[in-house]
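**Q** Just dropping this structure here.
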Amino acid sequence: MVKSFLLQRVMLPSLMLAFLLFSLAYWWLDNVPHEVFGTVLFGLLCWHIYVNRARFRNLTRGKYDARRVVRVVLHISLIVNMAVLLITSVVISKSVFAWLPIPGSLYLREIHWFSAYWIMIVAGIHVGLHWERLRASLLNLLGLRSTNPVLRAIFLALGAAFLLQGLASFQTLGVWTKLTFNYSLDFWDFTASVAPFFGHWLAVFTVPAIITHSLMAIWRWAGLRNSPSIRGA
């Protein structure tokens with residue numbers, strides 16, 4: 001049970017994030033490694049979908065409140081984004097899928113990069129939506145209580161630190177320019193440093209995760225506070 005949890009809920013998503021980060025380092029790795037890492041990423045994604053296939057079967061079951069609708073819409077946006085990335089990957093491939101008789105397109109290449117940057121944001125939102133469950137499972141696995149005030153203070157401090165660094169990394173990497181489909185000549189200088197590139201993108205990834213988790217927690221708290229049972233107490 002423990003091994004299954006670590007593999008499916010921790011190691012698999014972590015590997016997917018690692019390959020996504022490596023795929024963003026195109027100007028450091030060059031085209032062949034970029035396409036290989038991207039292909040592995042989609043292979044892991046297929047495994048991730050298979051592992052969580054029960055969630056897709058449950059989409060038509062139960063009642064839909066506002067929070068569930070938001071979750072489904074956000075997950076659909078991630079699926080659509082991944083589909084766009086996969087399709088454009090095959091079309092513009094110069095190595096792994098170069099044998100396919102598909103003409104390339106400079107415009108599709110731009111869409112491919114645009115989609116890749118947005119996946120970092122939407123995937124972060126995906127993690128934020130599931131962070132409460134993941135945190136509870138990890139704490140239970142480690143035998144710790146989420147109500148521990150010291151532990152909660154540590155989580156808050158870490159969250160604030162990652163959020164501040166992530167916002168700074170947004171500026172450093174010019175992420176907003178990339179997300180708005182604007183052309184930029186700003187590329188990371190891999191001849192000067194490599195590790196900070198991945199550190200900055202990892203920090204960027206945490207921003208939507210932290211914001212989503214915080215907003216959903218506030219929404220959940222507000223819903224509990226305004227529930228009839230609470231008001232009547």
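Just remember, in the structure tokens the first chain shown is A, the second B, etc., residues are 1-based per chain, and ligands are 1-based in the order shown.
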With only C-alpha atoms as the counted atoms, please give the residues lying no more than 12 Å from range 38-53 of chain A, apart from itself and same-chain residues fewer than 3 positions off, as a ChimeraX atom specification.

**A** /A:4-5,7-26,29,31-35,56-59,75,78-79,82-83,85-90,93,95-97,112,116,123

**Q** For range 26-133 of chain A against range 178-181 of chain A, with a cut-off of 8 Å and counting only C-alpha atoms, what is the closest atom pair and its distance in Å to one decimal for every residue that makes the cut, ordered by chain and number, as a Markdown table?

**A**
| residue | atom | partner | partner_atom | distance |
| --- | --- | --- | --- | --- |
| A:Phe114 | CA | A:Phe181 | CA | 6.1 |
| A:Tyr117 | CA | A:Leu179 | CA | 6.4 |
| A:Trp118 | CA | A:Leu179 | CA | 6.2 |

**Q** List the spatial neighbours of range 65-70 of chain A as a list in words - criterion: any atom at most 10 Å away, only C-alpha atoms, same-chain residues fewer than 4 positions off excluded.

**A** Leu59, Leu74, His75, Ile76, Leu129, Met216, Trp219 and Arg220 of chain A

**Q** Which polymer residues have any atom within 9 Å of an atom of Leu163 in chain A, counting only C-alpha atoms, with same-chain residues fewer than 4 positions away left out, as a PDB file with N, CA, C and O atoms, in the first residue's frame?

**A**
ATOM      1  N   LEU A 158       7.045  27.974   4.393  1.00  0.00           N
ATOM      2  CA  LEU A 158       7.554  27.428   3.134  1.00  0.00           C
ATOM      3  C   LEU A 158       6.701  27.888   1.951  1.00  0.00           C
ATOM      4  O   LEU A 158       7.226  28.245   0.896  1.00  0.00           O
ATOM      5  N   GLY A 159       5.389  27.882   2.142  1.00  0.00           N
ATOM      6  CA  GLY A 159       4.495  28.324   1.085  1.00  0.00           C
ATOM      7  C   GLY A 159       4.731  29.781   0.719  1.00  0.00           C
ATOM      8  O   GLY A 159       4.776  30.128  -0.468  1.00  0.00           O
ATOM      9  N   LEU A 167       7.095  34.369  -7.823  1.00  0.00           N
ATOM     10  CA  LEU A 167       6.735  35.646  -8.432  1.00  0.00           C
ATOM     11  C   LEU A 167       7.973  36.343  -9.004  1.00  0.00           C
ATOM     12  O   LEU A 167       7.923  36.945 -10.079  1.00  0.00           O
ATOM     13  N   ALA A 168       9.088  36.240  -8.278  1.00  0.00           N
ATOM     14  CA  ALA A 168      10.343  36.812  -8.774  1.00  0.00           C
ATOM     15  C   ALA A 168      10.818  36.068 -10.019  1.00  0.00           C
ATOM     16  O   ALA A 168      11.322  36.674 -10.973  1.00  0.00           O
ATOM     17  N   ALA A 203      10.021  27.131  -9.335  1.00  0.00           N
ATOM     18  CA  ALA A 203       9.383  28.159  -8.505  1.00  0.00           C
ATOM     19  C   ALA A 203       8.140  28.706  -9.192  1.00  0.00           C
ATOM     20  O   ALA A 203       7.109  28.944  -8.546  1.00  0.00           O
ATOM     21  N   VAL A 204       8.220  28.897 -10.513  1.00  0.00           N
ATOM     22  CA  VAL A 204       7.057  29.357 -11.282  1.00  0.00           C
ATOM     23  C   VAL A 204       5.921  28.345 -11.160  1.00  0.00           C
ATOM     24  O   VAL A 204       4.751  28.721 -10.991  1.00  0.00           O
ATOM     25  N   THR A 206       5.212  26.450  -8.715  1.00  0.00           N
ATOM     26  CA  THR A 206       4.591  26.462  -7.386  1.00  0.00           C
ATOM     27  C   THR A 206       3.594  27.604  -7.209  1.00  0.00           C
ATOM     28  O   THR A 206       2.710  27.510  -6.357  1.00  0.00           O
ATOM     29  N   VAL A 207       3.730  28.675  -8.001  1.00  0.00           N
ATOM     30  CA  VAL A 207       2.845  29.834  -7.827  1.00  0.00           C
ATOM     31  C   VAL A 207       1.377  29.465  -8.046  1.00  0.00           C
ATOM     32  O   VAL A 207       0.540  29.691  -7.157  1.00  0.00           O
ATOM     33  N   PRO A 208       0.988  28.905  -9.211  1.00  0.00           N
ATOM     34  CA  PRO A 208      -0.423  28.530  -9.383  1.00  0.00           C
ATOM     35  C   PRO A 208      -0.860  27.434  -8.417  1.00  0.00           C
ATOM     36  O   PRO A 208      -2.031  27.386  -8.025  1.00  0.00           O
ATOM     37  N   ILE A 210       0.165  27.009  -5.228  1.00  0.00           N
ATOM     38  CA  ILE A 210      -0.080  27.626  -3.920  1.00  0.00           C
ATOM     39  C   ILE A 210      -1.338  28.491  -3.955  1.00  0.00           C
ATOM     40  O   ILE A 210      -2.175  28.436  -3.041  1.00  0.00           O
ATOM     41  N   ILE A 211      -1.497  29.287  -5.016  1.00  0.00           N
ATOM     42  CA  ILE A 211      -2.663  30.162  -5.117  1.00  0.00           C
ATOM     43  C   ILE A 211      -3.944  29.340  -5.211  1.00  0.00           C
ATOM     44  O   ILE A 211      -4.944  29.632  -4.537  1.00  0.00           O
TER      45      ILE A 211
END

**Q** Expressed in Å to a single decimal, how great is the separation between CA of Ile92 in chain A and CA of Leu106 in chain A?

**A**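 Atom-to-atom, CA of Ile92 in chain A and CA of Leu106 in chain A are spaced 8.2 Å apart.
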
**Q** Using the chain letters and numbers from this document, which residues of range 142-216 of chain A does DSSP assign to alpha helix (DSSP H), as a ChimeraX atom specification?

**A** /A:142,149-173,175-179,195-216

**Q** Let me make sure I understand: among A:His126, A:Arg55, A:Lys94, A:Arg61, which one has the smallest atom-to-atom distance to Val73 in chain A if we use only C-alpha atoms?

**A**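 For Val73 in chain A, the nearest of the candidates is A:His126.
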